[in-house]
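Chemist: File follows, data35.pdb with PDB, C-alpha atoms:
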ATOM      1  CA  MET A   1    -103.576 130.071 -96.616
ATOM      2  CA  SER A   2    -104.379 128.059 -93.499
ATOM      3  CA  HIS A   3    -105.509 124.428 -93.410
ATOM      4  CA  ARG A   4    -108.644 123.844 -95.508
ATOM      5  CA  THR A   5    -111.368 121.547 -94.163
ATOM      6  CA  PHE A   6    -114.381 120.178 -96.050
ATOM      7  CA  ASP A   7    -116.484 122.861 -94.333
ATOM      8  CA  ASP A   8    -114.122 125.521 -95.722
ATOM      9  CA  VAL A   9    -114.786 124.473 -99.332
ATOM     10  CA  ILE A  10    -117.040 127.056-100.995
ATOM     11  CA  VAL A  11    -119.253 125.905-103.880
ATOM     12  CA  GLY A  12    -119.028 128.430-106.701
ATOM     13  CA  GLU A  13    -115.598 129.653-105.682
ATOM     14  CA  THR A  14    -113.062 130.144-108.483
ATOM     15  CA  ILE A  15    -109.415 129.827-107.455
ATOM     16  CA  ASP A  16    -106.634 131.306-109.552
ATOM     17  CA  CYS A  17    -103.834 128.733-109.076
ATOM     18  CA  GLY A  18    -101.154 130.637-110.954
ATOM     19  CA  THR A  19     -98.856 129.311-113.637
ATOM     20  CA  ASN A  20     -96.444 126.536-114.588
ATOM     21  CA  ALA A  21     -94.069 126.630-117.566
ATOM     22  CA  VAL A  22     -92.531 123.786-119.566
ATOM     23  CA  THR A  23     -89.334 123.484-121.595
ATOM     24  CA  ARG A  24     -88.518 121.367-124.646
ATOM     25  CA  ALA A  25     -86.166 119.238-122.543
ATOM     26  CA  GLU A  26     -88.909 118.585-119.980
ATOM     27  CA  ILE A  27     -91.376 117.584-122.729
ATOM     28  CA  THR A  28     -89.027 115.032-124.320
ATOM     29  CA  SER A  29     -87.710 113.759-120.969
ATOM     30  CA  PHE A  30     -91.201 113.181-119.543
ATOM     31  CA  ALA A  31     -92.393 111.511-122.737
ATOM     32  CA  GLY A  32     -89.308 109.296-122.958
ATOM     33  CA  GLU A  33     -90.318 107.814-119.619
ATOM     34  CA  TYR A  34     -94.124 107.985-119.715
ATOM     35  CA  ASP A  35     -95.467 108.558-123.252
ATOM     36  CA  PRO A  36     -92.912 107.665-125.948
ATOM     37  CA  LEU A  37     -94.999 108.588-128.999
ATOM     38  CA  ALA A  38     -93.017 110.219-131.831
ATOM     39  CA  ILE A  39     -95.018 113.461-131.544
ATOM     40  CA  HIS A  40     -93.590 113.937-128.011
ATOM     41  CA  VAL A  41     -90.012 112.681-128.424
ATOM     42  CA  ASP A  42     -88.956 112.889-132.090
ATOM     43  CA  ALA A  43     -88.583 116.496-133.323
ATOM     44  CA  GLU A  44     -88.270 115.490-136.976
ATOM     45  CA  ALA A  45     -91.379 113.284-136.967
ATOM     46  CA  ALA A  46     -93.260 115.938-134.975
ATOM     47  CA  THR A  47     -92.395 118.633-137.522
ATOM     48  CA  ALA A  48     -93.869 116.462-140.292
ATOM     49  CA  SER A  49     -97.068 115.850-138.259
ATOM     50  CA  PRO A  50    -100.296 117.919-138.343
ATOM     51  CA  PHE A  51     -99.015 119.707-135.197
ATOM     52  CA  GLY A  52     -95.889 120.974-136.995
ATOM     53  CA  GLY A  53     -93.583 120.365-134.047
ATOM     54  CA  LEU A  54     -93.075 118.698-130.674
ATOM     55  CA  ILE A  55     -96.038 118.826-128.290
ATOM     56  CA  ALA A  56     -96.309 117.757-124.657
ATOM     57  CA  SER A  57     -97.914 114.460-123.725
ATOM     58  CA  GLY A  58    -101.435 114.972-122.399
ATOM     59  CA  ILE A  59    -100.361 113.112-119.263
ATOM     60  CA  HIS A  60     -97.517 115.630-118.890
ATOM     61  CA  THR A  61     -99.941 118.532-119.439
ATOM     62  CA  PHE A  62    -102.131 117.065-116.697
ATOM     63  CA  GLY A  63     -99.068 116.804-114.427
ATOM     64  CA  LEU A  64     -98.104 120.420-115.112
ATOM     65  CA  THR A  65    -101.479 121.601-113.791
ATOM     66  CA  GLN A  66    -101.190 119.661-110.525
ATOM     67  CA  PRO A  67     -98.525 121.606-108.535
ATOM     68  CA  PRO A  68    -100.488 124.861-108.976
ATOM     69  CA  VAL A  69    -103.717 123.284-107.646
ATOM     70  CA  VAL A  70    -101.812 121.538-104.825
ATOM     71  CA  ASP A  71    -100.223 124.865-103.872
ATOM     72  CA  HIS A  72    -103.491 126.806-103.935
ATOM     73  CA  PHE A  73    -106.139 124.312-102.865
ATOM     74  CA  TYR A  74    -105.464 120.625-102.176
ATOM     75  CA  GLY A  75    -102.065 120.785-100.474
ATOM     76  CA  ASP A  76    -102.825 121.725 -96.868
ATOM     77  CA  SER A  77    -106.330 120.294 -96.629
ATOM     78  CA  ASP A  78    -108.462 117.367 -95.464
ATOM     79  CA  LEU A  79    -108.317 115.783 -98.918
ATOM     80  CA  ILE A  80    -107.988 111.990 -98.677
ATOM     81  CA  ALA A  81    -107.962 110.758-102.256
ATOM     82  CA  ALA A  82    -108.935 111.310-105.857
ATOM     83  CA  GLY A  83    -112.330 110.061-106.939
ATOM     84  CA  ARG A  84    -113.544 109.612-110.491
ATOM     85  CA  MET A  85    -112.365 112.019-113.158
ATOM     86  CA  GLU A  86    -114.615 113.046-116.012
ATOM     87  CA  GLU A  87    -114.102 114.865-119.267
ATOM     88  CA  LEU A  88    -110.318 115.062-119.188
ATOM     89  CA  TRP A  89    -109.659 116.824-122.480
ATOM     90  CA  PHE A  90    -106.768 118.550-124.223
ATOM     91  CA  PRO A  91    -108.391 120.894-126.760
ATOM     92  CA  ALA A  92    -105.083 122.420-127.935
ATOM     93  CA  PRO A  93    -101.461 121.285-127.681
ATOM     94  CA  VAL A  94     -98.846 122.485-125.185
ATOM     95  CA  ARG A  95     -95.550 123.347-126.888
ATOM     96  CA  PRO A  96     -91.979 123.961-125.672
ATOM     97  CA  GLY A  97     -91.731 127.237-123.767
ATOM     98  CA  ASP A  98     -95.466 127.494-123.042
ATOM     99  CA  THR A  99     -96.703 128.790-119.695
ATOM    100  CA  LEU A 100     -99.934 127.239-118.418
ATOM    101  CA  HIS A 101    -102.328 129.351-116.361
ATOM    102  CA  VAL A 102    -104.398 127.100-114.097
ATOM    103  CA  THR A 103    -107.824 127.803-112.606
ATOM    104  CA  LEU A 104    -110.010 125.667-110.323
ATOM    105  CA  GLU A 105    -113.766 126.182-109.991
ATOM    106  CA  ILE A 106    -115.629 124.423-107.180
ATOM    107  CA  GLU A 107    -118.836 123.084-108.721
ATOM    108  CA  ASP A 108    -120.324 121.028-105.906
ATOM    109  CA  LYS A 109    -119.765 119.405-102.526
ATOM    110  CA  ARG A 110    -121.818 116.761-100.755
ATOM    111  CA  VAL A 111    -121.642 114.162 -98.013
ATOM    112  CA  SER A 112    -120.599 110.735 -99.358
ATOM    113  CA  GLU A 113    -123.544 108.410 -99.977
ATOM    114  CA  THR A 114    -121.579 105.422 -98.666
ATOM    115  CA  ASN A 115    -119.772 106.953 -95.647
ATOM    116  CA  ASP A 116    -121.066 110.027 -93.827
ATOM    117  CA  GLU A 117    -117.590 110.709 -92.409
ATOM    118  CA  ARG A 118    -116.483 111.501 -95.955
ATOM    119  CA  GLY A 119    -117.277 114.433 -98.259
ATOM    120  CA  VAL A 120    -117.073 114.628-102.048
ATOM    121  CA  VAL A 121    -115.927 117.818-103.797
ATOM    122  CA  THR A 122    -116.530 118.276-107.526
ATOM    123  CA  ALA A 123    -114.267 120.710-109.346
ATOM    124  CA  ARG A 124    -113.537 121.862-112.869
ATOM    125  CA  ARG A 125    -109.894 122.532-113.627
ATOM    126  CA  THR A 126    -108.871 124.494-116.688
ATOM    127  CA  ALA A 127    -105.472 125.431-118.054
ATOM    128  CA  THR A 128    -104.852 128.042-120.736
ATOM    129  CA  VAL A 129    -101.833 129.146-122.756
ATOM    130  CA  ASP A 130    -102.197 132.718-124.027
ATOM    131  CA  ASP A 131    -105.935 132.456-123.244
ATOM    132  CA  GLU A 132    -106.342 129.292-125.347
ATOM    133  CA  LEU A 133    -107.755 126.301-123.471
ATOM    134  CA  VAL A 134    -105.248 123.418-123.332
ATOM    135  CA  LEU A 135    -106.778 121.279-120.553
ATOM    136  CA  SER A 136    -110.248 120.814-119.135
ATOM    137  CA  LEU A 137    -110.950 118.363-116.312
ATOM    138  CA  ARG A 138    -114.015 117.686-114.187
ATOM    139  CA  ASN A 139    -113.194 115.535-111.177
ATOM    140  CA  HIS A 140    -114.359 114.398-107.775
ATOM    141  CA  THR A 141    -112.174 114.248-104.669
ATOM    142  CA  ILE A 142    -112.813 112.504-101.353
ATOM    143  CA  TRP A 143    -112.392 114.513 -98.134
ATOM    144  CA  ARG A 144    -112.387 113.836 -94.412
ATOM    145  CA  ARG A 145    -115.336 115.502 -92.644
TER     146      ARG A 145
ATOM    147  CA  MET B   1     -96.234  94.181-135.161
ATOM    148  CA  SER B   2     -96.401  96.134-138.427
ATOM    149  CA  HIS B   3     -97.832  99.631-138.871
ATOM    150  CA  ARG B   4    -101.468  99.877-137.736
ATOM    151  CA  THR B   5    -103.935 101.906-139.812
ATOM    152  CA  PHE B   6    -107.474 102.949-138.842
ATOM    153  CA  ASP B   7    -108.758 100.092-141.046
ATOM    154  CA  ASP B   8    -106.618  97.666-139.017
ATOM    155  CA  VAL B   9    -108.347  98.592-135.748
ATOM    156  CA  ILE B  10    -110.708  95.779-134.746
ATOM    157  CA  VAL B  11    -113.725  96.658-132.599
ATOM    158  CA  GLY B  12    -114.043  94.130-129.791
ATOM    159  CA  GLU B  13    -110.348  93.251-129.803
ATOM    160  CA  THR B  14    -108.658  92.986-126.402
ATOM    161  CA  ILE B  15    -104.918  93.689-126.390
ATOM    162  CA  ASP B  16    -102.681  92.453-123.585
ATOM    163  CA  CYS B  17    -100.147  95.298-123.299
ATOM    164  CA  GLY B  18     -97.909  93.648-120.726
ATOM    165  CA  THR B  19     -96.584  95.156-117.535
ATOM    166  CA  ASN B  20     -94.808  98.127-116.000
ATOM    167  CA  ALA B  21     -93.358  98.236-112.483
ATOM    168  CA  VAL B  22     -92.724 101.185-110.178
ATOM    169  CA  THR B  23     -90.247 101.765-107.350
ATOM    170  CA  ARG B  24     -90.531 103.909-104.207
ATOM    171  CA  ALA B  25     -87.913 106.314-105.617
ATOM    172  CA  GLU B  26     -89.889 106.714-108.845
ATOM    173  CA  ILE B  27     -93.103 107.430-106.901
ATOM    174  CA  THR B  28     -91.557 110.183-104.770
ATOM    175  CA  SER B  29     -89.491 111.629-107.627
ATOM    176  CA  PHE B  30     -92.486 111.879-109.975
ATOM    177  CA  ALA B  31     -94.669 113.374-107.265
ATOM    178  CA  GLY B  32     -92.014 115.881-106.216
ATOM    179  CA  GLU B  33     -92.195 117.312-109.731
ATOM    180  CA  TYR B  34     -95.850 116.742-110.682
ATOM    181  CA  ASP B  35     -98.051 116.000-107.644
ATOM    182  CA  PRO B  36     -96.438 117.111-104.362
ATOM    183  CA  LEU B  37     -99.183 115.936-102.004
ATOM    184  CA  ALA B  38     -97.919 114.466 -98.715
ATOM    185  CA  ILE B  39     -99.425 111.039 -99.499
ATOM    186  CA  HIS B  40     -97.041 110.760-102.500
ATOM    187  CA  VAL B  41     -93.844 112.359-101.125
ATOM    188  CA  ASP B  42     -93.848 112.207 -97.307
ATOM    189  CA  ALA B  43     -93.467 108.638 -95.969
ATOM    190  CA  GLU B  44     -94.284 109.621 -92.377
ATOM    191  CA  ALA B  45     -97.465 111.505 -93.289
ATOM    192  CA  ALA B  46     -98.452 108.709 -95.680
ATOM    193  CA  THR B  47     -98.054 106.075 -92.950
ATOM    194  CA  ALA B  48    -100.443 108.061 -90.742
ATOM    195  CA  SER B  49    -103.003 108.380 -93.586
ATOM    196  CA  PRO B  50    -105.907 105.999 -94.356
ATOM    197  CA  PHE B  51    -103.634 104.374 -96.995
ATOM    198  CA  GLY B  52    -101.016 103.409 -94.383
ATOM    199  CA  GLY B  53     -98.050 104.307 -96.589
ATOM    200  CA  LEU B  54     -96.816 106.041 -99.728
ATOM    201  CA  ILE B  55     -98.984 105.648-102.827
ATOM    202  CA  ALA B  56     -98.336 106.741-106.402
ATOM    203  CA  SER B  57     -99.933 109.879-107.791
ATOM    204  CA  GLY B  58    -102.889 109.058-110.029
ATOM    205  CA  ILE B  59    -101.172 111.041-112.773
ATOM    206  CA  HIS B  60     -98.112 108.815-112.311
ATOM    207  CA  THR B  61    -100.286 105.692-112.418
ATOM    208  CA  PHE B  62    -101.769 106.971-115.686
ATOM    209  CA  GLY B  63     -98.241 107.560-117.007
ATOM    210  CA  LEU B  64     -97.156 104.046-116.029
ATOM    211  CA  THR B  65     -99.896 102.557-118.226
ATOM    212  CA  GLN B  66     -98.917 104.563-121.311
ATOM    213  CA  PRO B  67     -95.625 102.920-122.445
ATOM    214  CA  PRO B  68     -97.310  99.474-122.524
ATOM    215  CA  VAL B  69    -100.175 100.761-124.717
ATOM    216  CA  VAL B  70     -97.756 102.716-126.925
ATOM    217  CA  ASP B  71     -95.637  99.573-127.355
ATOM    218  CA  HIS B  72     -98.584  97.332-128.156
ATOM    219  CA  PHE B  73    -101.065  99.560-129.968
ATOM    220  CA  TYR B  74    -100.598 103.306-130.489
ATOM    221  CA  GLY B  75     -96.863 103.501-131.172
ATOM    222  CA  ASP B  76     -96.502 102.540-134.838
ATOM    223  CA  SER B  77     -99.937 103.615-136.071
ATOM    224  CA  ASP B  78    -101.938 106.335-137.822
ATOM    225  CA  LEU B  79    -102.910 107.883-134.471
ATOM    226  CA  ILE B  80    -102.896 111.688-134.681
ATOM    227  CA  ALA B  81    -103.983 112.885-131.250
ATOM    228  CA  ALA B  82    -105.844 112.179-128.044
ATOM    229  CA  GLY B  83    -109.510 113.070-127.949
ATOM    230  CA  ARG B  84    -111.704 113.338-124.898
ATOM    231  CA  MET B  85    -111.062 111.016-121.973
ATOM    232  CA  GLU B  86    -113.909 109.725-119.832
ATOM    233  CA  GLU B  87    -114.112 107.929-116.522
ATOM    234  CA  LEU B  88    -110.465 108.113-115.568
ATOM    235  CA  TRP B  89    -110.574 106.388-112.211
ATOM    236  CA  PHE B  90    -108.136 104.933-109.697
ATOM    237  CA  PRO B  91    -110.151 102.387-107.669
ATOM    238  CA  ALA B  92    -107.168 101.193-105.614
ATOM    239  CA  PRO B  93    -103.752 102.684-104.887
ATOM    240  CA  VAL B  94    -100.441 101.783-106.538
ATOM    241  CA  ARG B  95     -97.670 101.224-103.979
ATOM    242  CA  PRO B  96     -93.867 100.981-104.145
ATOM    243  CA  GLY B  97     -92.777  97.765-105.856
ATOM    244  CA  ASP B  98     -96.117  97.158-107.580
ATOM    245  CA  THR B  99     -96.256  95.801-111.138
ATOM    246  CA  LEU B 100     -99.142  97.039-113.268
ATOM    247  CA  HIS B 101    -100.652  94.728-115.878
ATOM    248  CA  VAL B 102    -102.221  96.798-118.653
ATOM    249  CA  THR B 103    -105.017  95.783-121.033
ATOM    250  CA  LEU B 104    -106.689  97.724-123.847
ATOM    251  CA  GLU B 105    -110.140  96.844-125.200
ATOM    252  CA  ILE B 106    -111.323  98.453-128.447
ATOM    253  CA  GLU B 107    -114.939  99.430-127.867
ATOM    254  CA  ASP B 108    -115.796 101.393-131.014
ATOM    255  CA  LYS B 109    -114.482 103.119-134.119
ATOM    256  CA  ARG B 110    -116.211 105.546-136.446
ATOM    257  CA  VAL B 111    -115.541 108.209-139.046
ATOM    258  CA  SER B 112    -115.255 111.684-137.532
ATOM    259  CA  GLU B 113    -118.472 113.704-137.780
ATOM    260  CA  THR B 114    -116.522 116.896-138.516
ATOM    261  CA  ASN B 115    -113.810 115.597-140.903
ATOM    262  CA  ASP B 116    -114.252 112.432-142.969
ATOM    263  CA  GLU B 117    -110.469 112.109-143.370
ATOM    264  CA  ARG B 118    -110.312 111.374-139.644
ATOM    265  CA  GLY B 119    -111.415 108.367-137.602
ATOM    266  CA  VAL B 120    -112.249 108.130-133.913
ATOM    267  CA  VAL B 121    -111.321 105.045-131.868
ATOM    268  CA  THR B 122    -112.887 104.473-128.443
ATOM    269  CA  ALA B 123    -110.989 102.243-126.027
ATOM    270  CA  ARG B 124    -111.129 101.113-122.430
ATOM    271  CA  ARG B 125    -107.792 100.812-120.685
ATOM    272  CA  THR B 126    -107.470  98.915-117.442
ATOM    273  CA  ALA B 127    -104.504  98.294-115.178
ATOM    274  CA  THR B 128    -104.402  95.731-112.401
ATOM    275  CA  VAL B 129    -101.971  94.904-109.600
ATOM    276  CA  ASP B 130    -102.312  91.286-108.426
ATOM    277  CA  ASP B 131    -105.700  91.183-110.219
ATOM    278  CA  GLU B 132    -106.981  94.267-108.352
ATOM    279  CA  LEU B 133    -108.118  97.117-110.605
ATOM    280  CA  VAL B 134    -105.949 100.239-110.073
ATOM    281  CA  LEU B 135    -106.858 102.259-113.201
ATOM    282  CA  SER B 136    -109.841 102.400-115.521
ATOM    283  CA  LEU B 137    -109.959 104.816-118.462
ATOM    284  CA  ARG B 138    -112.358 105.213-121.365
ATOM    285  CA  ASN B 139    -110.967 107.468-124.047
ATOM    286  CA  HIS B 140    -111.263 108.542-127.661
ATOM    287  CA  THR B 141    -108.337 108.947-130.037
ATOM    288  CA  ILE B 142    -108.201 110.666-133.439
ATOM    289  CA  TRP B 143    -106.699 108.761-136.379
ATOM    290  CA  ARG B 144    -105.729 109.477-139.967
ATOM    291  CA  ARG B 145    -107.899 107.546-142.453
TER     292      ARG B 145
END
Could you spell out this file's structure in structure tokens?
Modeler:
Amino acid sequence: MSHRTFDDVIVGETIDCGTNAVTRAEITSFAGEYDPLAIHVDAEAATASPFGGLIASGIHTFGLTQPPVVDHFYGDSDLIAAGRMEELWFPAPVRPGDTLHVTLEIEDKRVSETNDERGVVTARRTATVDDELVLSLRNHTIWRR
Amino acid sequence: MSHRTFDDVIVGETIDCGTNAVTRAEITSFAGEYDPLAIHVDAEAATASPFGGLIASGIHTFGLTQPPVVDHFYGDSDLIAAGRMEELWFPAPVRPGDTLHVTLEIEDKRVSETNDERGVVTARRTATVDDELVLSLRNHTIWRR
């Protein structure tokens, strides 16, 4: 699509951001650097855990949802920065070979209370694997007006 | 330290988790894979932005705080999984060469309302660079009892 301004943001719009898949090697490599808990890096310990096998770090799951929303919404836009995030939640684990399907719903937009040259967009991001919710995020982003 | 059980978790305790540093190459490499916004990958565009130069992805900043808290608190423990996260916020940017100082404060613990074999620990994580707050997170984690 073309460049998206704050005025172009439509409250109530739902944007299908497509998919992103993850491999076992990506899960253990990411976690080795950024979340070295046994459940993410140690296959034997993970198999003995309540999850029954390796699962992706929540931080990795979050990262897997970002390229799809950059591609479909934030990438070529007047976005300036992230604001506060709320309710970041991982209701089910992401496992090796899973494909995440990412959706963004625009819940609200408003002029910033502290700077009327800035706008605030509130969005809910969800990611599913085989229709099961694996990530839910409600966040605010700061835009140029 | 030795293995940490749910009973070992002390409400009100503040844990100094030490530091983690980030390079320019790490910022652009992470963002190329997980957050390909211009402000994180394109030095020229970033210089022209309100931030005046490359900044780390918020997801990367979150990831940089995780090894210190795994090393000092969650790593060898009866942690089972992440619960809901609240108020994940990046009040100031992380830039190439910055060193994050990470602190964890235990705000609450309680028996799970849905499964009395599980405990819930609520913590606030903060990261600072030169005493400026760059990350604030309030989250819940699920523990074996």
Chemist: Got a sec to resolve the PyMOL selection byres ((chain B) within 10 of (chain A)) on this structure and send the residues as a tab-separated table (two decimals) with C-alpha atoms, in the coordinates of the input?
Modeler:
chain	number	residue	atom	x	y	z
B	30	PHE	CA	-92.49	111.88	-109.98
B	31	ALA	CA	-94.67	113.37	-107.26
B	32	GLY	CA	-92.01	115.88	-106.22
B	33	GLU	CA	-92.20	117.31	-109.73
B	34	TYR	CA	-95.85	116.74	-110.68
B	35	ASP	CA	-98.05	116.00	-107.64
B	36	PRO	CA	-96.44	117.11	-104.36
B	37	LEU	CA	-99.18	115.94	-102.00
B	38	ALA	CA	-97.92	114.47	-98.72
B	39	ILE	CA	-99.42	111.04	-99.50
B	49	SER	CA	-103.00	108.38	-93.59
B	50	PRO	CA	-105.91	106.00	-94.36
B	51	PHE	CA	-103.63	104.37	-97.00
B	57	SER	CA	-99.93	109.88	-107.79
B	58	GLY	CA	-102.89	109.06	-110.03
B	59	ILE	CA	-101.17	111.04	-112.77
B	60	HIS	CA	-98.11	108.82	-112.31
B	61	THR	CA	-100.29	105.69	-112.42
B	62	PHE	CA	-101.77	106.97	-115.69
B	63	GLY	CA	-98.24	107.56	-117.01
B	64	LEU	CA	-97.16	104.05	-116.03
B	65	THR	CA	-99.90	102.56	-118.23
B	66	GLN	CA	-98.92	104.56	-121.31
B	67	PRO	CA	-95.62	102.92	-122.44
B	68	PRO	CA	-97.31	99.47	-122.52
B	69	VAL	CA	-100.18	100.76	-124.72
B	70	VAL	CA	-97.76	102.72	-126.92
B	71	ASP	CA	-95.64	99.57	-127.36
B	74	TYR	CA	-100.60	103.31	-130.49
B	75	GLY	CA	-96.86	103.50	-131.17
B	76	ASP	CA	-96.50	102.54	-134.84
B	77	SER	CA	-99.94	103.62	-136.07
B	79	LEU	CA	-102.91	107.88	-134.47
B	80	ILE	CA	-102.90	111.69	-134.68
B	81	ALA	CA	-103.98	112.88	-131.25
B	82	ALA	CA	-105.84	112.18	-128.04
B	83	GLY	CA	-109.51	113.07	-127.95
B	84	ARG	CA	-111.70	113.34	-124.90
B	85	MET	CA	-111.06	111.02	-121.97
B	86	GLU	CA	-113.91	109.72	-119.83
B	87	GLU	CA	-114.11	107.93	-116.52
B	88	LEU	CA	-110.46	108.11	-115.57
B	89	TRP	CA	-110.57	106.39	-112.21
B	90	PHE	CA	-108.14	104.93	-109.70
B	91	PRO	CA	-110.15	102.39	-107.67
B	93	PRO	CA	-103.75	102.68	-104.89
B	136	SER	CA	-109.84	102.40	-115.52
B	137	LEU	CA	-109.96	104.82	-118.46
B	138	ARG	CA	-112.36	105.21	-121.36
B	139	ASN	CA	-110.97	107.47	-124.05
B	140	HIS	CA	-111.26	108.54	-127.66
Chemist: Using atom CA of Arg4 of chain B and atom CA of His72 of chain B as the two end points, give the distance in Å to one decimal.
Modeler: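 These two atoms are separated by 10.3 Å.
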Chemist: Residues picked by the PyMOL selection byres ((chain A and resi 53) around 10) here, as a ChimeraX atom specification?
Modeler: /A:39-40,42-52,54-55,95-96
Chemist: Taking the file as I've supplied it (selection: the PyMOL selection byres ((chain B and resi 6-14) around 7)), which residues are included? Please answer as JSON, numbers by chain.
Modeler: {"B": [4, 5, 15, 16, 78, 104, 105, 106, 107, 108, 109, 119, 143, 144, 145]}
Chemist: What separation in Å, quoted to one decimal, exists between atom CA of Asp98 of chain B and atom CA of Glu26 of chain B?
Modeler: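 Those two atoms sit 11.5 Å apart.
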Chemist: When distances are computed from only C-alpha atoms, which of B:Ala21, B:Val134, B:Val120, B:Val111 shows the smallest separation from Ala92 of chain B?
Modeler: B:Val134
Chemist: Complete the atom set of segment 84-100 of chain A to N, CA, C and O atoms and return it as a PDB file, in the frame of the given file.
Modeler:
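Saved to selection23.pdb:
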ATOM      1  N   ARG A  84    -113.467 109.730-109.032  1.00  0.00           N
ATOM      2  CA  ARG A  84    -113.544 109.612-110.491  1.00  0.00           C
ATOM      3  C   ARG A  84    -113.245 110.933-111.176  1.00  0.00           C
ATOM      4  O   ARG A  84    -113.649 111.989-110.704  1.00  0.00           O
ATOM      5  N   MET A  85    -112.565 110.854-112.305  1.00  0.00           N
ATOM      6  CA  MET A  85    -112.365 112.019-113.158  1.00  0.00           C
ATOM      7  C   MET A  85    -113.259 111.882-114.378  1.00  0.00           C
ATOM      8  O   MET A  85    -113.503 110.784-114.866  1.00  0.00           O
ATOM      9  N   GLU A  86    -113.736 113.011-114.846  1.00  0.00           N
ATOM     10  CA  GLU A  86    -114.615 113.046-116.012  1.00  0.00           C
ATOM     11  C   GLU A  86    -114.086 114.091-116.993  1.00  0.00           C
ATOM     12  O   GLU A  86    -113.551 115.098-116.597  1.00  0.00           O
ATOM     13  N   GLU A  87    -114.330 113.847-118.243  1.00  0.00           N
ATOM     14  CA  GLU A  87    -114.102 114.865-119.267  1.00  0.00           C
ATOM     15  C   GLU A  87    -112.683 115.439-119.243  1.00  0.00           C
ATOM     16  O   GLU A  87    -112.500 116.641-119.333  1.00  0.00           O
ATOM     17  N   LEU A  88    -111.697 114.583-119.048  1.00  0.00           N
ATOM     18  CA  LEU A  88    -110.318 115.062-119.188  1.00  0.00           C
ATOM     19  C   LEU A  88    -110.061 115.245-120.671  1.00  0.00           C
ATOM     20  O   LEU A  88    -110.200 114.302-121.463  1.00  0.00           O
ATOM     21  N   TRP A  89    -109.686 116.471-121.063  1.00  0.00           N
ATOM     22  CA  TRP A  89    -109.659 116.824-122.480  1.00  0.00           C
ATOM     23  C   TRP A  89    -108.541 117.822-122.724  1.00  0.00           C
ATOM     24  O   TRP A  89    -108.307 118.717-121.892  1.00  0.00           O
ATOM     25  N   PHE A  90    -107.883 117.670-123.846  1.00  0.00           N
ATOM     26  CA  PHE A  90    -106.768 118.550-124.223  1.00  0.00           C
ATOM     27  C   PHE A  90    -107.113 119.210-125.559  1.00  0.00           C
ATOM     28  O   PHE A  90    -106.723 118.728-126.614  1.00  0.00           O
ATOM     29  N   PRO A  91    -107.862 120.309-125.523  1.00  0.00           N
ATOM     30  CA  PRO A  91    -108.391 120.894-126.760  1.00  0.00           C
ATOM     31  C   PRO A  91    -107.318 121.497-127.667  1.00  0.00           C
ATOM     32  O   PRO A  91    -107.563 121.646-128.869  1.00  0.00           O
ATOM     33  N   ALA A  92    -106.172 121.868-127.119  1.00  0.00           N
ATOM     34  CA  ALA A  92    -105.083 122.420-127.935  1.00  0.00           C
ATOM     35  C   ALA A  92    -103.765 121.937-127.339  1.00  0.00           C
ATOM     36  O   ALA A  92    -103.671 121.653-126.148  1.00  0.00           O
ATOM     37  N   PRO A  93    -102.728 121.836-128.173  1.00  0.00           N
ATOM     38  CA  PRO A  93    -101.461 121.285-127.681  1.00  0.00           C
ATOM     39  C   PRO A  93    -100.665 122.272-126.829  1.00  0.00           C
ATOM     40  O   PRO A  93    -100.782 123.484-126.982  1.00  0.00           O
ATOM     41  N   VAL A  94     -99.839 121.712-125.945  1.00  0.00           N
ATOM     42  CA  VAL A  94     -98.846 122.485-125.185  1.00  0.00           C
ATOM     43  C   VAL A  94     -97.496 122.283-125.873  1.00  0.00           C
ATOM     44  O   VAL A  94     -97.106 121.148-126.142  1.00  0.00           O
ATOM     45  N   ARG A  95     -96.804 123.390-126.131  1.00  0.00           N
ATOM     46  CA  ARG A  95     -95.550 123.347-126.888  1.00  0.00           C
ATOM     47  C   ARG A  95     -94.378 123.829-126.024  1.00  0.00           C
ATOM     48  O   ARG A  95     -94.593 124.479-124.993  1.00  0.00           O
ATOM     49  N   PRO A  96     -93.150 123.525-126.439  1.00  0.00           N
ATOM     50  CA  PRO A  96     -91.979 123.961-125.672  1.00  0.00           C
ATOM     51  C   PRO A  96     -92.020 125.465-125.398  1.00  0.00           C
ATOM     52  O   PRO A  96     -92.312 126.254-126.303  1.00  0.00           O
ATOM     53  N   GLY A  97     -91.753 125.834-124.155  1.00  0.00           N
ATOM     54  CA  GLY A  97     -91.731 127.237-123.767  1.00  0.00           C
ATOM     55  C   GLY A  97     -93.073 127.791-123.318  1.00  0.00           C
ATOM     56  O   GLY A  97     -93.129 128.928-122.825  1.00  0.00           O
ATOM     57  N   ASP A  98     -94.140 127.004-123.457  1.00  0.00           N
ATOM     58  CA  ASP A  98     -95.466 127.494-123.042  1.00  0.00           C
ATOM     59  C   ASP A  98     -95.555 127.647-121.527  1.00  0.00           C
ATOM     60  O   ASP A  98     -94.941 126.891-120.761  1.00  0.00           O
ATOM     61  N   THR A  99     -96.359 128.609-121.101  1.00  0.00           N
ATOM     62  CA  THR A  99     -96.703 128.790-119.695  1.00  0.00           C
ATOM     63  C   THR A  99     -98.195 128.545-119.531  1.00  0.00           C
ATOM     64  O   THR A  99     -99.017 129.204-120.170  1.00  0.00           O
ATOM     65  N   LEU A 100     -98.531 127.576-118.666  1.00  0.00           N
ATOM     66  CA  LEU A 100     -99.934 127.239-118.418  1.00  0.00           C
ATOM     67  C   LEU A 100    -100.460 128.072-117.257  1.00  0.00           C
ATOM     68  O   LEU A 100     -99.802 128.184-116.221  1.00  0.00           O
TER      69      LEU A 100
END
